Protein chains: 2
Amino acid sequence: MENNLNHAYCPAIETIALIGGRWKVIILHVLSKHARRFGEINVRVPSISRKVLTEQLKELEADGLISRKEYKELPRKVEYALTEYGESLCPLLAYIAAWNKEKV
Amino acid sequence: MENNLNHAYCPAIETIALIGGRWKVIILHVLSKHARRFGEINVRVPSISRKVLTEQLKELEADGLISRKEYKELPRKVEYALTEYGESLCPLLAYIAAWNKEKV
DNA sequence: TCCATTTGTTACTTTAAGGTTACCACTTTT
DNA sequence: AAAAGTGGTAACCTTAAAGTAACAAATGGA
């Protein structure tokens, strides 16, 4: 129905809600290679602050895309990894990275 | 080199710079179906304001992803379409939309 | 003459996102 | 006792993004 367009469902919107923003794709891309602890992600995501990294990781965890595992070690060790749901994003993440390389 | 990680090149970053943000993927997705005039995009992208739509369209045009064609008609008619470069994003846009549907 | 339509623009305000700095908890090493 | 390493948190500030409302240009028609 053409009179209902401004309420039209756009399937891209929810995806954007989950992985949009300045950092999430980059964080997920880092984790897609293998699980990383907090400090490792921090070093691999250029110029993100610890505060923002913490926030983004919490959101990704709340959305079920990554898991957080705390080891009883010294000093502290917390490891983040993609969940199965997060893994399903890998082709998309790879595409995002690849598209940029292939461009003319 | 592992000591250079915070300057590491991340191929996803540039892609995010081009299509990141709240609206660009959605706008591109709308235009991926076919060329649209300003008002048509405005109606198909839920709740975007004209001001922001104008801004985003200008940025997308400046980045070479879309073209802007003004017709000498009454009342004004301006049509936006994907460029060839923008078309190269279509598989990615389709993937973004499809992923959301397939999720468990 | 004045209104309607379409595509904007301008000025101003509000909200969201991100950054900075300092600090804490826990444990081992010095 | 104090420092070092890891993974945070809290308070505060700045910047970027988005929204609102009013206005403009161009032109046909009532």
# chains A, B, ... in the order shown; residues from 1 in each chain; ligands from 1
call {"tool": "select_by_dssp", "arguments": {"residues": "stretch 20-102 of chain B", "states": "helix (DSSP H, G or I)", "output": "ChimeraX atom specification"}}
result
/B:24-33,38-44,50-62,84-87,90-102
call {"tool": "calpha_fit_and_write", "arguments": {"fixed": "chain A", "moving": "chain B", "output": "PDB file with C-alpha atoms, in the first residue's frame"}}
result
ATOM      1  CA  MET B   1       0.058  -0.079   0.050  1.00  0.00           C
ATOM      2  CA  GLU B   2       1.611   3.089  -1.217  1.00  0.00           C
ATOM      3  CA  ASN B   3      -0.171   5.316   1.282  1.00  0.00           C
ATOM      4  CA  ASN B   4       1.596   3.616   4.129  1.00  0.00           C
ATOM      5  CA  LEU B   5       5.162   4.157   3.068  1.00  0.00           C
ATOM      6  CA  ASN B   6       6.348   6.201   5.986  1.00  0.00           C
ATOM      7  CA  HIS B   7       5.561   3.246   8.211  1.00  0.00           C
ATOM      8  CA  ALA B   8       7.051   0.758   5.808  1.00  0.00           C
ATOM      9  CA  TYR B   9       9.183  -1.932   7.343  1.00  0.00           C
ATOM     10  CA  CYS B  10      12.773  -1.651   6.266  1.00  0.00           C
ATOM     11  CA  PRO B  11      14.723  -4.818   6.955  1.00  0.00           C
ATOM     12  CA  ALA B  12      18.024  -2.964   7.005  1.00  0.00           C
ATOM     13  CA  ILE B  13      17.059  -0.814   9.988  1.00  0.00           C
ATOM     14  CA  GLU B  14      17.338  -3.508  12.619  1.00  0.00           C
ATOM     15  CA  THR B  15      20.690  -4.655  11.315  1.00  0.00           C
ATOM     16  CA  ILE B  16      21.922  -1.079  11.474  1.00  0.00           C
ATOM     17  CA  ALA B  17      20.634  -0.828  15.026  1.00  0.00           C
ATOM     18  CA  LEU B  18      22.748  -3.840  15.996  1.00  0.00           C
ATOM     19  CA  ILE B  19      25.985  -3.142  14.184  1.00  0.00           C
ATOM     20  CA  GLY B  20      25.723   0.574  13.416  1.00  0.00           C
ATOM     21  CA  GLY B  21      27.794   3.219  15.064  1.00  0.00           C
ATOM     22  CA  ARG B  22      31.408   4.160  14.770  1.00  0.00           C
ATOM     23  CA  TRP B  23      32.952   1.123  16.412  1.00  0.00           C
ATOM     24  CA  LYS B  24      30.838  -2.004  16.421  1.00  0.00           C
ATOM     25  CA  VAL B  25      31.722  -3.330  12.986  1.00  0.00           C
ATOM     26  CA  ILE B  26      35.379  -2.785  13.727  1.00  0.00           C
ATOM     27  CA  ILE B  27      35.153  -4.527  17.100  1.00  0.00           C
ATOM     28  CA  LEU B  28      33.267  -7.430  15.556  1.00  0.00           C
ATOM     29  CA  HIS B  29      35.769  -7.605  12.754  1.00  0.00           C
ATOM     30  CA  VAL B  30      38.604  -7.859  15.254  1.00  0.00           C
ATOM     31  CA  LEU B  31      36.781 -10.603  17.145  1.00  0.00           C
ATOM     32  CA  SER B  32      35.943 -12.449  13.924  1.00  0.00           C
ATOM     33  CA  LYS B  33      39.580 -13.486  13.651  1.00  0.00           C
ATOM     34  CA  HIS B  34      39.617 -14.915  17.143  1.00  0.00           C
ATOM     35  CA  ALA B  35      38.633 -14.250  20.709  1.00  0.00           C
ATOM     36  CA  ARG B  36      40.432 -11.355  22.353  1.00  0.00           C
ATOM     37  CA  ARG B  37      40.788  -9.922  25.781  1.00  0.00           C
ATOM     38  CA  PHE B  38      39.861  -6.361  26.582  1.00  0.00           C
ATOM     39  CA  GLY B  39      43.323  -4.906  26.218  1.00  0.00           C
ATOM     40  CA  GLU B  40      43.924  -6.675  22.940  1.00  0.00           C
ATOM     41  CA  ILE B  41      40.767  -5.241  21.430  1.00  0.00           C
ATOM     42  CA  ASN B  42      41.686  -1.831  22.772  1.00  0.00           C
ATOM     43  CA  VAL B  43      45.003  -1.942  20.963  1.00  0.00           C
ATOM     44  CA  ARG B  44      43.520  -3.253  17.716  1.00  0.00           C
ATOM     45  CA  VAL B  45      40.726  -0.740  17.453  1.00  0.00           C
ATOM     46  CA  PRO B  46      42.500   2.503  16.711  1.00  0.00           C
ATOM     47  CA  SER B  47      41.841   5.405  19.052  1.00  0.00           C
ATOM     48  CA  ILE B  48      38.843   4.024  20.895  1.00  0.00           C
ATOM     49  CA  SER B  49      38.771   4.969  24.558  1.00  0.00           C
ATOM     50  CA  ARG B  50      38.417   2.359  27.273  1.00  0.00           C
ATOM     51  CA  LYS B  51      35.131   3.875  28.354  1.00  0.00           C
ATOM     52  CA  VAL B  52      33.578   3.651  24.923  1.00  0.00           C
ATOM     53  CA  LEU B  53      35.002   0.197  24.337  1.00  0.00           C
ATOM     54  CA  THR B  54      33.398  -0.992  27.566  1.00  0.00           C
ATOM     55  CA  GLU B  55      30.072   0.503  26.522  1.00  0.00           C
ATOM     56  CA  GLN B  56      30.157  -1.020  23.061  1.00  0.00           C
ATOM     57  CA  LEU B  57      31.156  -4.438  24.370  1.00  0.00           C
ATOM     58  CA  LYS B  58      28.266  -4.350  26.832  1.00  0.00           C
ATOM     59  CA  GLU B  59      25.818  -3.472  24.084  1.00  0.00           C
ATOM     60  CA  LEU B  60      27.149  -6.179  21.791  1.00  0.00           C
ATOM     61  CA  GLU B  61      26.878  -8.662  24.633  1.00  0.00           C
ATOM     62  CA  ALA B  62      23.348  -7.528  25.464  1.00  0.00           C
ATOM     63  CA  ASP B  63      22.410  -7.991  21.813  1.00  0.00           C
ATOM     64  CA  GLY B  64      23.782 -11.517  21.912  1.00  0.00           C
ATOM     65  CA  LEU B  65      26.501 -10.944  19.349  1.00  0.00           C
ATOM     66  CA  ILE B  66      29.463 -11.525  21.628  1.00  0.00           C
ATOM     67  CA  SER B  67      30.166 -13.411  24.830  1.00  0.00           C
ATOM     68  CA  ARG B  68      32.216 -12.318  27.806  1.00  0.00           C
ATOM     69  CA  LYS B  69      34.228 -14.807  29.827  1.00  0.00           C
ATOM     70  CA  GLU B  70      36.087 -13.811  32.926  1.00  0.00           C
ATOM     71  CA  TYR B  71      39.018 -15.999  33.975  1.00  0.00           C
ATOM     72  CA  LYS B  72      40.064 -16.296  37.575  1.00  0.00           C
ATOM     73  CA  GLU B  73      43.604 -15.220  36.927  1.00  0.00           C
ATOM     74  CA  LEU B  74      46.060 -12.610  37.909  1.00  0.00           C
ATOM     75  CA  PRO B  75      45.990  -9.978  36.768  1.00  0.00           C
ATOM     76  CA  ARG B  76      42.428  -9.985  35.514  1.00  0.00           C
ATOM     77  CA  LYS B  77      41.709 -11.679  32.234  1.00  0.00           C
ATOM     78  CA  VAL B  78      38.442 -11.177  30.423  1.00  0.00           C
ATOM     79  CA  GLU B  79      37.972 -12.657  27.026  1.00  0.00           C
ATOM     80  CA  TYR B  80      35.438 -11.606  24.422  1.00  0.00           C
ATOM     81  CA  ALA B  81      34.360 -13.793  21.527  1.00  0.00           C
ATOM     82  CA  LEU B  82      31.664 -13.917  18.896  1.00  0.00           C
ATOM     83  CA  THR B  83      28.638 -15.990  19.791  1.00  0.00           C
ATOM     84  CA  GLU B  84      27.093 -18.258  17.197  1.00  0.00           C
ATOM     85  CA  TYR B  85      24.719 -15.421  16.378  1.00  0.00           C
ATOM     86  CA  GLY B  86      27.667 -13.076  16.053  1.00  0.00           C
ATOM     87  CA  GLU B  87      29.447 -15.582  13.832  1.00  0.00           C
ATOM     88  CA  SER B  88      26.558 -15.374  11.413  1.00  0.00           C
ATOM     89  CA  LEU B  89      27.708 -11.820  10.735  1.00  0.00           C
ATOM     90  CA  CYS B  90      31.140 -12.913   9.561  1.00  0.00           C
ATOM     91  CA  PRO B  91      30.338 -12.995   5.843  1.00  0.00           C
ATOM     92  CA  LEU B  92      28.905  -9.513   6.152  1.00  0.00           C
ATOM     93  CA  LEU B  93      31.964  -8.281   8.034  1.00  0.00           C
ATOM     94  CA  ALA B  94      34.215  -9.846   5.443  1.00  0.00           C
ATOM     95  CA  TYR B  95      32.212  -8.216   2.699  1.00  0.00           C
ATOM     96  CA  ILE B  96      32.491  -4.801   4.323  1.00  0.00           C
ATOM     97  CA  ALA B  97      36.243  -5.168   4.537  1.00  0.00           C
ATOM     98  CA  ALA B  98      36.583  -6.609   1.047  1.00  0.00           C
ATOM     99  CA  TRP B  99      34.434  -4.026  -0.696  1.00  0.00           C
ATOM    100  CA  ASN B 100      36.729  -1.271   0.378  1.00  0.00           C
ATOM    101  CA  LYS B 101      39.744  -3.016  -1.080  1.00  0.00           C
ATOM    102  CA  GLU B 102      38.163  -3.817  -4.411  1.00  0.00           C
ATOM    103  CA  LYS B 103      36.937  -0.330  -5.108  1.00  0.00           C
ATOM    104  CA  VAL B 104      38.210   1.328  -8.271  1.00  0.00           C
TER     105      VAL B 104
END
call {"tool": "interface_residues", "arguments": {"of": "chain C", "to": "chain B", "cutoff": "12 Å", "atoms": "only C-alpha atoms (C1' of nucleotides)", "output": "PDB file with C-alpha atoms (C1' of nucleotides), in the first residue's frame"}}
result
ATOM      1  C1'  DA C   4      -0.153  25.060  -3.891  1.00  0.00           C
ATOM      2  C1'  DT C   5       3.766  21.996  -4.917  1.00  0.00           C
ATOM      3  C1'  DT C   6       8.541  20.486  -4.709  1.00  0.00           C
ATOM      4  C1'  DT C   7      13.126  20.888  -3.179  1.00  0.00           C
ATOM      5  C1'  DG C   8      15.635  22.988  -0.557  1.00  0.00           C
ATOM      6  C1'  DT C   9      18.025  26.525   3.048  1.00  0.00           C
ATOM      7  C1'  DT C  10      18.819  29.016   7.500  1.00  0.00           C
ATOM      8  C1'  DA C  16      23.451  11.361  21.326  1.00  0.00           C
ATOM      9  C1'  DA C  17      28.069   9.999  21.109  1.00  0.00           C
TER      10       DA C  17
END
call {"tool": "closest_atom_pairs", "arguments": {"of": "chain C", "to": "stretch 1-7 of chain D", "cutoff": "12 Å", "atoms": "only C-alpha atoms (C1' of nucleotides)", "output": "JSON lines"}}
result
{"residue": "C:DC24", "atom": "C1'", "partner": "D:DG7", "partner_atom": "C1'", "distance": 10.6}
{"residue": "C:DA25", "atom": "C1'", "partner": "D:DG7", "partner_atom": "C1'", "distance": 9.5}
{"residue": "C:DC26", "atom": "C1'", "partner": "D:DT6", "partner_atom": "C1'", "distance": 9.4}
{"residue": "C:DT27", "atom": "C1'", "partner": "D:DG5", "partner_atom": "C1'", "distance": 9.5}
{"residue": "C:DT28", "atom": "C1'", "partner": "D:DA4", "partner_atom": "C1'", "distance": 8.9}
{"residue": "C:DT29", "atom": "C1'", "partner": "D:DA4", "partner_atom": "C1'", "distance": 8.1}
{"residue": "C:DT30", "atom": "C1'", "partner": "D:DA3", "partner_atom": "C1'", "distance": 7.9}
call {"tool": "write_last_selection", "arguments": {"atoms": "N, CA, C and O atoms (P, O5', C5', C4', C3', O3' and C1' of nucleotides)", "output": "mmCIF file, in the first residue's frame"}}
result
data_model
loop_
_atom_site.group_PDB
_atom_site.id
_atom_site.type_symbol
_atom_site.label_atom_id
_atom_site.label_comp_id
_atom_site.auth_asym_id
_atom_site.auth_seq_id
_atom_site.Cartn_x
_atom_site.Cartn_y
_atom_site.Cartn_z
ATOM 1 P P DC C 24 40.396 5.750 44.993
ATOM 2 O "O5'" DC C 24 39.747 4.384 44.483
ATOM 3 C "C5'" DC C 24 38.345 4.305 44.259
ATOM 4 C "C4'" DC C 24 37.990 2.894 43.810
ATOM 5 C "C3'" DC C 24 38.701 1.816 44.622
ATOM 6 O "O3'" DC C 24 37.775 0.865 45.100
ATOM 7 C "C1'" DC C 24 39.058 1.488 42.285
ATOM 8 P P DA C 25 38.235 -0.165 46.289
ATOM 9 O "O5'" DA C 25 38.337 -1.560 45.531
ATOM 10 C "C5'" DA C 25 37.338 -1.921 44.578
ATOM 11 C "C4'" DA C 25 37.714 -3.261 43.976
ATOM 12 C "C3'" DA C 25 38.503 -4.159 44.928
ATOM 13 O "O3'" DA C 25 38.050 -5.499 44.762
ATOM 14 C "C1'" DA C 25 39.790 -3.727 42.973
ATOM 15 P P DC C 26 38.371 -6.561 45.968
ATOM 16 O "O5'" DC C 26 39.548 -7.429 45.351
ATOM 17 C "C5'" DC C 26 39.363 -8.057 44.089
ATOM 18 C "C4'" DC C 26 40.713 -8.392 43.494
ATOM 19 C "C3'" DC C 26 41.690 -9.018 44.484
ATOM 20 O "O3'" DC C 26 41.855 -10.375 44.144
ATOM 21 C "C1'" DC C 26 42.736 -7.443 43.019
ATOM 22 P P DT C 27 42.509 -11.410 45.194
ATOM 23 O "O5'" DT C 27 44.028 -11.444 44.728
ATOM 24 C "C5'" DT C 27 44.340 -11.935 43.416
ATOM 25 C "C4'" DT C 27 45.740 -11.503 43.035
ATOM 26 C "C3'" DT C 27 46.820 -11.933 44.011
ATOM 27 O "O3'" DT C 27 47.626 -12.911 43.382
ATOM 28 C "C1'" DT C 27 47.155 -9.711 43.216
ATOM 29 P P DT C 28 48.789 -13.709 44.223
ATOM 30 O "O5'" DT C 28 50.096 -13.138 43.516
ATOM 31 C "C5'" DT C 28 50.236 -13.251 42.097
ATOM 32 C "C4'" DT C 28 51.330 -12.318 41.606
ATOM 33 C "C3'" DT C 28 52.709 -12.620 42.190
ATOM 34 O "O3'" DT C 28 53.635 -12.740 41.124
ATOM 35 C "C1'" DT C 28 52.166 -10.306 42.452
ATOM 36 P P DT C 29 55.137 -13.264 41.449
ATOM 37 O "O5'" DT C 29 55.941 -11.889 41.346
ATOM 38 C "C5'" DT C 29 55.750 -11.059 40.196
ATOM 39 C "C4'" DT C 29 56.463 -9.719 40.410
ATOM 40 C "C3'" DT C 29 57.902 -9.831 40.905
ATOM 41 O "O3'" DT C 29 58.720 -9.007 40.096
ATOM 42 C "C1'" DT C 29 56.680 -8.323 42.272
ATOM 43 P P DT C 30 60.329 -8.997 40.354
ATOM 44 O "O5'" DT C 30 60.523 -7.698 41.258
ATOM 45 C "C5'" DT C 30 60.137 -6.434 40.743
ATOM 46 C "C4'" DT C 30 60.462 -5.339 41.759
ATOM 47 C "C3'" DT C 30 61.844 -5.471 42.398
ATOM 48 O "O3'" DT C 30 62.546 -4.245 42.293
ATOM 49 C "C1'" DT C 30 60.181 -5.184 44.068
#
call {"tool": "atom_distance", "arguments": {"atom1": "atom C1' of C:DC3", "atom2": "atom C1' of D:DT20"}}
result
23.9 Å
call {"tool": "select_by_dssp", "arguments": {"residues": "chain A", "states": "strand (DSSP E or B)", "output": "PyMOL selection string"}}
result
chain A and resi 36-37+66-71+77-82
call {"tool": "atom_distance", "arguments": {"atom1": "atom C1' of C:DA22", "atom2": "atom C1' of D:DA11"}}
result
9.3 Å
call {"tool": "interface_residues", "arguments": {"of": "chain D", "to": "chain B", "cutoff": "8 Å", "atoms": "only C-alpha atoms (C1' of nucleotides)", "output": "ChimeraX atom specification"}}
result
/D:18-19,26-28
call {"tool": "atom_distance", "arguments": {"atom1": "atom C1' of D:DT14", "atom2": "atom C1' of C:DT20"}}
result
10.0 Å
